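Trainee: The following block contains the structure, expressed as structure tokens.
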Amino acid sequence: MKDYLNVGGKIAIVTGSGRGIGRGIAIELASYGVKVMVCDINDETGESVKKEIIDAGGVAEYCHCDIMKIDDIKNVVAQTVKTYGTVDILINNGGGGEPPCDFDTITDERWDRYIRFNLYSAFYMIREVFPYMKKQNSGKIVNISSGYAIGGGDKCAHYASAKAGVIGLTTSIAKEAAPYNINVNVIPVPTTDTPGLREADFEFVADEIPLIPLGRIAQPLDIANTVLFLISGAADYVTGQIVASNGGKRMLV
Ligand SMILES: NC(=O)c1ccc[n+]([C@@H]2O[C@H](COP(=O)([O-])OP(=O)(O)OC[C@H]3O[C@@H](n4cnc5c(N)ncnc54)[C@H](O)[C@@H]3O)[C@@H](O)[C@H]2O)c1
């Protein structure tokens with residue numbers, strides 16, 4: 001019998017996986033036999049995702065990791081290698097925005113913070129796992145960007161710029177990593193029903209739904225399923241791609 005996905009036993013780090021899209025990715029990957037390193041800045045929610053996976057029969061560990069801190073990034077990769085032996089898969093999910101603001105009110109500090117949170121973190125994580133993937137001549141990296149990176153942010157210039165940078169990072173590293181059979185792809189995530197979105201701004205969702213052909217905003221599982229495809233053997237020939245799962249909503253209108 002063929003195994004379409006061929007992900008069982010692979011080892012994955014999912015950043016920011018204590019809730020929202022990251023939690024959905026961690027749980028979905030684990031349900032297909034991936035051994036997951038759950039990591040987050042919030043130890044309580046991170047530990048609870050680890051427990052959820054184990055209770056469902058999966059394999060998971062938890063490691064505190066603030067993706068704004070290089071020492072934490074080095075530590076989560078080291079802990080993953082210590083626990084599971086290597087890193088096969090990296091999902092750079094950690095990041096986020098803030099409520100809309102006019103671009104000319106963005107201070108240097110806020111600009112710097114959101115570029116660091118969304119772009120530097122992804123670069124640092126990739127740089128840290130790369131030696132392991134290079135050595136084993138295989139790897140899958142999926143970066144979580146935003147539809148704002150392509151269609152323009154709605155008064156989120158700093159966040160949209162950082163997420164656009166994540167797309168450039170993806171396509172560039174995809175070329176450099178290809179000789180080592182490392183696939184690097186990016187998902188420009190659309191509006192997705194997560195605790196983060198509900199805390200920041202949920203009122204615009206009602207106006208957006210009529211613009212989405214499938215008639216609803218995304219759920220974390222929708223994004224997790226796209227990640228699952230991209231980390232699988234079925235996507236061995238897919239690299240450097242912007243893979244949108246957005247209910248049919250065009251990003252450029
Ligand atoms: N939800 C959306 O509509 C949407 C749209 C486009 C892109 N995205 C992107 O998807 C990703 C996940 O978003 P979400 O909506 O699930 O967010 P969320 O706020 O619901 O969850 C984010 C998780 O990241 C953790 N986190 C926060 N700061 C951290 C840090 N410094 N280090 C490590 N972990 C940290 C939080 O504790 C939380 O568990 C982000 O990169 C976001 O930019 C989301």
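Chain identifiers are assigned as A, B, and so on, following the order in which chains appear in the structure tokens; residues are numbered from 1 within each chain, and ligands are numbered from 1 in order of appearance.
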Produce as a PyMOL selection string the set of residues near ligand 1, where near means within 7 Å with only C-alpha atoms and all ligand atoms considered.
Mentor: chain A and resi 15-22+39-42+45+65-68+93-97+117-118+144-147+188-197
Trainee: How would the residues just picked look written out with N, CA and C atoms as an mmCIF file, in the first residue's frame?
Mentor:
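Contents of the output file out.cif:
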```
data_model
loop_
_atom_site.group_PDB
_atom_site.id
_atom_site.type_symbol
_atom_site.label_atom_id
_atom_site.label_comp_id
_atom_site.auth_asym_id
_atom_site.auth_seq_id
_atom_site.Cartn_x
_atom_site.Cartn_y
_atom_site.Cartn_z
ATOM 1 N N THR A 15 6.630 26.738 16.129
ATOM 2 C CA THR A 15 6.743 27.881 17.044
ATOM 3 C C THR A 15 5.357 28.482 17.324
ATOM 4 N N GLY A 16 5.215 29.065 18.501
ATOM 5 C CA GLY A 16 3.942 29.695 18.892
ATOM 6 C C GLY A 16 2.784 28.715 18.852
ATOM 7 N N SER A 17 3.034 27.488 19.343
ATOM 8 C CA SER A 17 2.008 26.445 19.187
ATOM 9 C C SER A 17 1.158 26.218 20.433
ATOM 10 N N GLY A 18 1.115 27.207 21.319
ATOM 11 C CA GLY A 18 0.281 27.094 22.523
ATOM 12 C C GLY A 18 -1.191 27.363 22.265
ATOM 13 N N ARG A 19 -1.492 28.015 21.143
ATOM 14 C CA ARG A 19 -2.906 28.262 20.843
ATOM 15 C C ARG A 19 -3.020 28.651 19.355
ATOM 16 N N GLY A 20 -4.248 28.880 18.906
ATOM 17 C CA GLY A 20 -4.483 29.385 17.556
ATOM 18 C C GLY A 20 -3.987 28.458 16.445
ATOM 19 N N ILE A 21 -3.427 29.066 15.405
ATOM 20 C CA ILE A 21 -2.989 28.294 14.231
ATOM 21 C C ILE A 21 -1.868 27.327 14.604
ATOM 22 N N GLY A 22 -0.930 27.767 15.424
ATOM 23 C CA GLY A 22 0.186 26.903 15.827
ATOM 24 C C GLY A 22 -0.294 25.664 16.553
ATOM 25 N N CYS A 39 6.299 24.628 21.206
ATOM 26 C CA CYS A 39 7.032 25.684 21.916
ATOM 27 C C CYS A 39 6.258 26.988 21.862
ATOM 28 N N ASP A 40 6.389 27.741 22.923
ATOM 29 C CA ASP A 40 5.600 28.966 23.049
ATOM 30 C C ASP A 40 6.235 29.822 24.148
ATOM 31 N N ILE A 41 5.781 31.063 24.224
ATOM 32 C CA ILE A 41 6.201 31.938 25.318
ATOM 33 C C ILE A 41 5.332 31.689 26.553
ATOM 34 N N ASN A 42 4.154 31.101 26.314
ATOM 35 C CA ASN A 42 3.202 30.828 27.399
ATOM 36 C C ASN A 42 3.284 29.338 27.760
ATOM 37 N N THR A 45 -0.226 27.208 28.313
ATOM 38 C CA THR A 45 -0.953 26.748 27.117
ATOM 39 C C THR A 45 -0.083 25.768 26.316
ATOM 40 N N CYS A 65 9.898 28.844 24.481
ATOM 41 C CA CYS A 65 10.706 29.560 23.481
ATOM 42 C C CYS A 65 10.059 30.885 23.122
ATOM 43 N N ASP A 66 10.715 31.957 23.551
ATOM 44 C CA ASP A 66 10.330 33.293 23.110
ATOM 45 C C ASP A 66 11.095 33.551 21.814
ATOM 46 N N ILE A 67 10.368 33.645 20.706
ATOM 47 C CA ILE A 67 11.042 33.757 19.405
ATOM 48 C C ILE A 67 11.715 35.113 19.208
ATOM 49 N N MET A 68 11.566 36.002 20.179
ATOM 50 C CA MET A 68 12.285 37.279 20.127
ATOM 51 C C MET A 68 13.684 37.135 20.737
ATOM 52 N N ASN A 93 5.575 29.510 12.747
ATOM 53 C CA ASN A 93 4.218 30.051 12.912
ATOM 54 C C ASN A 93 4.194 31.281 13.821
ATOM 55 N N GLY A 94 5.104 31.322 14.795
ATOM 56 C CA GLY A 94 5.085 32.406 15.779
ATOM 57 C C GLY A 94 5.171 33.773 15.113
ATOM 58 N N GLY A 95 4.432 34.713 15.652
ATOM 59 C CA GLY A 95 4.406 36.067 15.099
ATOM 60 C C GLY A 95 3.031 36.660 15.319
ATOM 61 N N GLY A 96 2.789 37.790 14.705
ATOM 62 C CA GLY A 96 1.463 38.392 14.847
ATOM 63 C C GLY A 96 1.510 39.890 14.622
ATOM 64 N N GLY A 97 0.325 40.468 14.651
ATOM 65 C CA GLY A 97 0.202 41.910 14.437
ATOM 66 C C GLY A 97 -0.380 42.601 15.652
ATOM 67 N N PHE A 117 9.663 40.386 15.517
ATOM 68 C CA PHE A 117 8.716 39.343 15.927
ATOM 69 C C PHE A 117 8.391 38.404 14.751
ATOM 70 N N ASN A 118 8.192 38.973 13.572
ATOM 71 C CA ASN A 118 7.719 38.173 12.441
ATOM 72 C C ASN A 118 8.814 37.726 11.474
ATOM 73 N N ILE A 144 4.909 30.912 8.033
ATOM 74 C CA ILE A 144 3.546 31.459 8.076
ATOM 75 C C ILE A 144 3.630 32.966 7.857
ATOM 76 N N SER A 145 3.127 33.379 6.683
ATOM 77 C CA SER A 145 3.050 34.807 6.384
ATOM 78 C C SER A 145 1.582 35.233 6.500
ATOM 79 N N SER A 146 1.229 36.246 5.772
ATOM 80 C CA SER A 146 -0.144 36.773 5.855
ATOM 81 C C SER A 146 -0.580 37.255 4.476
ATOM 82 N N GLY A 147 -1.868 37.176 4.226
ATOM 83 C CA GLY A 147 -2.412 37.747 2.994
ATOM 84 C C GLY A 147 -2.074 39.226 2.880
ATOM 85 N N PRO A 188 0.533 32.416 2.842
ATOM 86 C CA PRO A 188 0.042 33.760 3.170
ATOM 87 C C PRO A 188 -1.333 33.626 3.828
ATOM 88 N N VAL A 189 -1.303 33.378 5.119
ATOM 89 C CA VAL A 189 -2.522 33.008 5.854
ATOM 90 C C VAL A 189 -3.591 34.106 5.731
ATOM 91 N N PRO A 190 -4.825 33.689 5.443
ATOM 92 C CA PRO A 190 -5.926 34.660 5.402
ATOM 93 C C PRO A 190 -6.514 34.853 6.803
ATOM 94 N N THR A 191 -7.544 35.635 6.903
ATOM 95 C CA THR A 191 -8.236 35.823 8.184
ATOM 96 C C THR A 191 -8.643 34.461 8.734
ATOM 97 N N THR A 192 -8.176 34.175 9.934
ATOM 98 C CA THR A 192 -8.385 32.851 10.538
ATOM 99 C C THR A 192 -8.900 33.023 11.965
ATOM 100 N N ASP A 193 -9.870 32.197 12.303
ATOM 101 C CA ASP A 193 -10.528 32.325 13.604
ATOM 102 C C ASP A 193 -9.631 31.781 14.721
ATOM 103 N N THR A 194 -8.915 32.687 15.373
ATOM 104 C CA THR A 194 -8.010 32.297 16.454
ATOM 105 C C THR A 194 -8.238 33.227 17.653
ATOM 106 N N PRO A 195 -7.756 32.812 18.826
ATOM 107 C CA PRO A 195 -7.864 33.710 19.985
ATOM 108 C C PRO A 195 -7.188 35.056 19.713
ATOM 109 N N GLY A 196 -6.056 35.014 18.976
ATOM 110 C CA GLY A 196 -5.344 36.268 18.681
ATOM 111 C C GLY A 196 -6.192 37.214 17.867
ATOM 112 N N LEU A 197 -6.885 36.687 16.867
ATOM 113 C CA LEU A 197 -7.739 37.538 16.033
ATOM 114 C C LEU A 197 -8.901 38.077 16.858
#
```
Trainee: Within 7 Å of Val59 (chain A), counting only C-alpha atoms, which residues qualify if same-chain residues fewer than 2 places away don't, as a list in words?
Mentor: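 The residues satisfying every condition are Ala30, Lys35, Val36, Ile53, Ile54 and Gly57 of chain A.
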Trainee: Looking at A:Glu28, A:Tyr124, A:Val34, A:Lys50, which one is nearest to Ile70 (chain A), with distances taken over only C-alpha atoms?
Mentor: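 With only C-alpha atoms as the atom set, the closest residue is A:Tyr124.
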Trainee: For Ile173 (chain A), which residue among A:Ala149, A:Ile91, A:Ala160, A:Ala122 is the nearest when counting only C-alpha atoms?
Mentor: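 Of all the options, A:Ala122 lies closest to Ile173 (chain A).
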Trainee: Which one is closest to Ala157 (chain A): A:Thr105, A:Asn6, A:Asn137, A:Thr83? Count only C-alpha atoms.
Mentor: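 That would be A:Thr105, the residue with the smallest distance to Ala157 (chain A).
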Trainee: Which residues, written as an mmCIF file with N, CA and C atoms, in the first residue's frame, have at least one atom at most 9 Å from Ile11 (chain A), with only C-alpha atoms counted and residues fewer than 3 positions away on the same chain left out?
Mentor:
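Okay, this is what ended up in part26.cif:
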```cif
data_model
loop_
_atom_site.group_PDB
_atom_site.id
_atom_site.type_symbol
_atom_site.label_atom_id
_atom_site.label_comp_id
_atom_site.auth_asym_id
_atom_site.auth_seq_id
_atom_site.Cartn_x
_atom_site.Cartn_y
_atom_site.Cartn_z
ATOM 1 N N VAL A 7 4.720 10.972 6.519
ATOM 2 C CA VAL A 7 5.260 11.882 7.541
ATOM 3 C C VAL A 7 5.452 11.198 8.901
ATOM 4 N N GLY A 8 4.982 9.965 9.044
ATOM 5 C CA GLY A 8 5.069 9.270 10.334
ATOM 6 C C GLY A 8 6.501 9.188 10.840
ATOM 7 N N VAL A 34 3.630 12.583 13.365
ATOM 8 C CA VAL A 34 4.816 13.441 13.495
ATOM 9 C C VAL A 34 5.104 13.641 14.989
ATOM 10 N N LYS A 35 6.394 13.572 15.344
ATOM 11 C CA LYS A 35 6.800 13.848 16.737
ATOM 12 C C LYS A 35 7.010 15.350 16.848
ATOM 13 N N VAL A 36 6.271 15.970 17.753
ATOM 14 C CA VAL A 36 6.226 17.434 17.753
ATOM 15 C C VAL A 36 6.938 18.031 18.963
ATOM 16 N N MET A 37 7.709 19.086 18.715
ATOM 17 C CA MET A 37 8.202 19.944 19.795
ATOM 18 C C MET A 37 7.290 21.166 19.811
ATOM 19 N N THR A 80 15.262 19.904 20.994
ATOM 20 C CA THR A 80 14.606 19.004 20.026
ATOM 21 C C THR A 80 15.580 17.915 19.590
ATOM 22 N N TYR A 84 14.759 14.113 20.341
ATOM 23 C CA TYR A 84 14.333 13.257 19.218
ATOM 24 C C TYR A 84 15.461 12.857 18.269
ATOM 25 N N GLY A 85 16.639 13.496 18.409
ATOM 26 C CA GLY A 85 17.776 13.114 17.562
ATOM 27 C C GLY A 85 18.089 14.057 16.421
ATOM 28 N N THR A 86 17.093 14.755 15.883
ATOM 29 C CA THR A 86 17.328 15.692 14.794
ATOM 30 C C THR A 86 16.105 16.606 14.637
ATOM 31 N N VAL A 87 16.087 17.395 13.577
ATOM 32 C CA VAL A 87 14.910 18.206 13.217
ATOM 33 C C VAL A 87 14.664 17.973 11.725
ATOM 34 N N ASP A 88 13.475 17.454 11.417
ATOM 35 C CA ASP A 88 13.111 17.234 10.005
ATOM 36 C C ASP A 88 12.255 18.364 9.452
ATOM 37 N N ILE A 89 11.487 18.989 10.340
ATOM 38 C CA ILE A 89 10.452 19.932 9.904
ATOM 39 C C ILE A 89 10.469 21.157 10.824
ATOM 40 N N LEU A 90 10.428 22.326 10.219
ATOM 41 C CA LEU A 90 10.291 23.561 11.010
ATOM 42 C C LEU A 90 9.071 24.320 10.504
#
```
Trainee: Give the strand (DSSP E or B) residues of region 47-219 of chain A, as DSSP finds them on the backbone, and put them as a ChimeraX atom specification.
Mentor: /A:59-64,89-92,139-146,182-189,192,218
Trainee: Using N, CA and C atoms, can you write the selected residues to a file as a PDB file, in the first residue's frame?
Mentor:
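Output file result25.pdb follows:
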```pdb
ATOM      1  N   VAL A  59       2.930  11.899  19.942  1.00  0.00           N
ATOM      2  CA  VAL A  59       4.212  12.121  20.605  1.00  0.00           C
ATOM      3  C   VAL A  59       4.502  13.616  20.609  1.00  0.00           C
ATOM      4  N   ALA A  60       4.723  14.177  21.797  1.00  0.00           N
ATOM      5  CA  ALA A  60       5.012  15.612  21.887  1.00  0.00           C
ATOM      6  C   ALA A  60       5.878  15.899  23.095  1.00  0.00           C
ATOM      7  N   GLU A  61       6.658  16.951  22.970  1.00  0.00           N
ATOM      8  CA  GLU A  61       7.394  17.519  24.096  1.00  0.00           C
ATOM      9  C   GLU A  61       7.104  19.009  24.079  1.00  0.00           C
ATOM     10  N   TYR A  62       7.393  19.664  25.199  1.00  0.00           N
ATOM     11  CA  TYR A  62       7.206  21.115  25.231  1.00  0.00           C
ATOM     12  C   TYR A  62       8.503  21.779  25.648  1.00  0.00           C
ATOM     13  N   CYS A  63       8.796  22.920  25.014  1.00  0.00           N
ATOM     14  CA  CYS A  63       9.966  23.716  25.411  1.00  0.00           C
ATOM     15  C   CYS A  63       9.594  25.191  25.345  1.00  0.00           C
ATOM     16  N   HIS A  64       9.887  25.912  26.422  1.00  0.00           N
ATOM     17  CA  HIS A  64       9.653  27.355  26.402  1.00  0.00           C
ATOM     18  C   HIS A  64      10.512  27.980  25.302  1.00  0.00           C
ATOM     19  N   ILE A  89      11.487  18.989  10.340  1.00  0.00           N
ATOM     20  CA  ILE A  89      10.452  19.932   9.904  1.00  0.00           C
ATOM     21  C   ILE A  89      10.469  21.157  10.824  1.00  0.00           C
ATOM     22  N   LEU A  90      10.428  22.326  10.219  1.00  0.00           N
ATOM     23  CA  LEU A  90      10.291  23.561  11.010  1.00  0.00           C
ATOM     24  C   LEU A  90       9.071  24.320  10.504  1.00  0.00           C
ATOM     25  N   ILE A  91       8.179  24.660  11.434  1.00  0.00           N
ATOM     26  CA  ILE A  91       7.034  25.501  11.077  1.00  0.00           C
ATOM     27  C   ILE A  91       7.189  26.830  11.809  1.00  0.00           C
ATOM     28  N   ASN A  92       7.541  27.863  11.057  1.00  0.00           N
ATOM     29  CA  ASN A  92       7.686  29.203  11.638  1.00  0.00           C
ATOM     30  C   ASN A  92       6.313  29.863  11.688  1.00  0.00           C
ATOM     31  N   GLY A 139      14.751  18.013   4.516  1.00  0.00           N
ATOM     32  CA  GLY A 139      14.072  18.882   5.476  1.00  0.00           C
ATOM     33  C   GLY A 139      12.903  19.586   4.820  1.00  0.00           C
ATOM     34  N   LYS A 140      11.973  20.007   5.676  1.00  0.00           N
ATOM     35  CA  LYS A 140      10.817  20.762   5.188  1.00  0.00           C
ATOM     36  C   LYS A 140      10.628  21.968   6.117  1.00  0.00           C
ATOM     37  N   ILE A 141      10.549  23.144   5.507  1.00  0.00           N
ATOM     38  CA  ILE A 141      10.328  24.361   6.288  1.00  0.00           C
ATOM     39  C   ILE A 141       9.092  25.056   5.733  1.00  0.00           C
ATOM     40  N   VAL A 142       8.172  25.400   6.623  1.00  0.00           N
ATOM     41  CA  VAL A 142       6.989  26.158   6.196  1.00  0.00           C
ATOM     42  C   VAL A 142       6.922  27.434   7.023  1.00  0.00           C
ATOM     43  N   ASN A 143       6.886  28.549   6.329  1.00  0.00           N
ATOM     44  CA  ASN A 143       6.790  29.840   7.005  1.00  0.00           C
ATOM     45  C   ASN A 143       5.359  30.355   6.927  1.00  0.00           C
ATOM     46  N   ILE A 144       4.909  30.912   8.033  1.00  0.00           N
ATOM     47  CA  ILE A 144       3.546  31.459   8.076  1.00  0.00           C
ATOM     48  C   ILE A 144       3.630  32.966   7.857  1.00  0.00           C
ATOM     49  N   SER A 145       3.127  33.379   6.683  1.00  0.00           N
ATOM     50  CA  SER A 145       3.050  34.807   6.384  1.00  0.00           C
ATOM     51  C   SER A 145       1.582  35.233   6.500  1.00  0.00           C
ATOM     52  N   SER A 146       1.229  36.246   5.772  1.00  0.00           N
ATOM     53  CA  SER A 146      -0.144  36.773   5.855  1.00  0.00           C
ATOM     54  C   SER A 146      -0.580  37.255   4.476  1.00  0.00           C
ATOM     55  N   ILE A 182      16.066  20.320   0.838  1.00  0.00           N
ATOM     56  CA  ILE A 182      15.279  21.008   1.862  1.00  0.00           C
ATOM     57  C   ILE A 182      14.273  21.900   1.127  1.00  0.00           C
ATOM     58  N   ASN A 183      12.988  21.654   1.403  1.00  0.00           N
ATOM     59  CA  ASN A 183      11.922  22.429   0.765  1.00  0.00           C
ATOM     60  C   ASN A 183      11.507  23.562   1.701  1.00  0.00           C
ATOM     61  N   VAL A 184      11.377  24.758   1.145  1.00  0.00           N
ATOM     62  CA  VAL A 184      10.973  25.925   1.944  1.00  0.00           C
ATOM     63  C   VAL A 184       9.805  26.605   1.244  1.00  0.00           C
ATOM     64  N   ASN A 185       8.666  26.655   1.910  1.00  0.00           N
ATOM     65  CA  ASN A 185       7.471  27.256   1.318  1.00  0.00           C
ATOM     66  C   ASN A 185       6.805  28.189   2.317  1.00  0.00           C
ATOM     67  N   VAL A 186       5.879  28.981   1.817  1.00  0.00           N
ATOM     68  CA  VAL A 186       5.245  29.983   2.678  1.00  0.00           C
ATOM     69  C   VAL A 186       3.741  29.997   2.433  1.00  0.00           C
ATOM     70  N   ILE A 187       3.005  30.135   3.516  1.00  0.00           N
ATOM     71  CA  ILE A 187       1.544  30.240   3.425  1.00  0.00           C
ATOM     72  C   ILE A 187       1.135  31.671   3.789  1.00  0.00           C
ATOM     73  N   PRO A 188       0.533  32.416   2.842  1.00  0.00           N
ATOM     74  CA  PRO A 188       0.042  33.760   3.170  1.00  0.00           C
ATOM     75  C   PRO A 188      -1.333  33.626   3.828  1.00  0.00           C
ATOM     76  N   VAL A 189      -1.303  33.378   5.119  1.00  0.00           N
ATOM     77  CA  VAL A 189      -2.522  33.008   5.854  1.00  0.00           C
ATOM     78  C   VAL A 189      -3.591  34.106   5.731  1.00  0.00           C
ATOM     79  N   THR A 192      -8.176  34.175   9.934  1.00  0.00           N
ATOM     80  CA  THR A 192      -8.385  32.851  10.538  1.00  0.00           C
ATOM     81  C   THR A 192      -8.900  33.023  11.965  1.00  0.00           C
ATOM     82  N   ALA A 218     -11.204  31.256   7.560  1.00  0.00           N
ATOM     83  CA  ALA A 218     -10.486  29.992   7.812  1.00  0.00           C
ATOM     84  C   ALA A 218     -10.545  29.603   9.290  1.00  0.00           C
TER      85      ALA A 218
END
```
Trainee: Of the residues A:Tyr120, A:Tyr148, A:Tyr4, A:Tyr159, which is the one nearest to Phe229 (chain A), using only C-alpha atoms?
Mentor: A:Tyr4
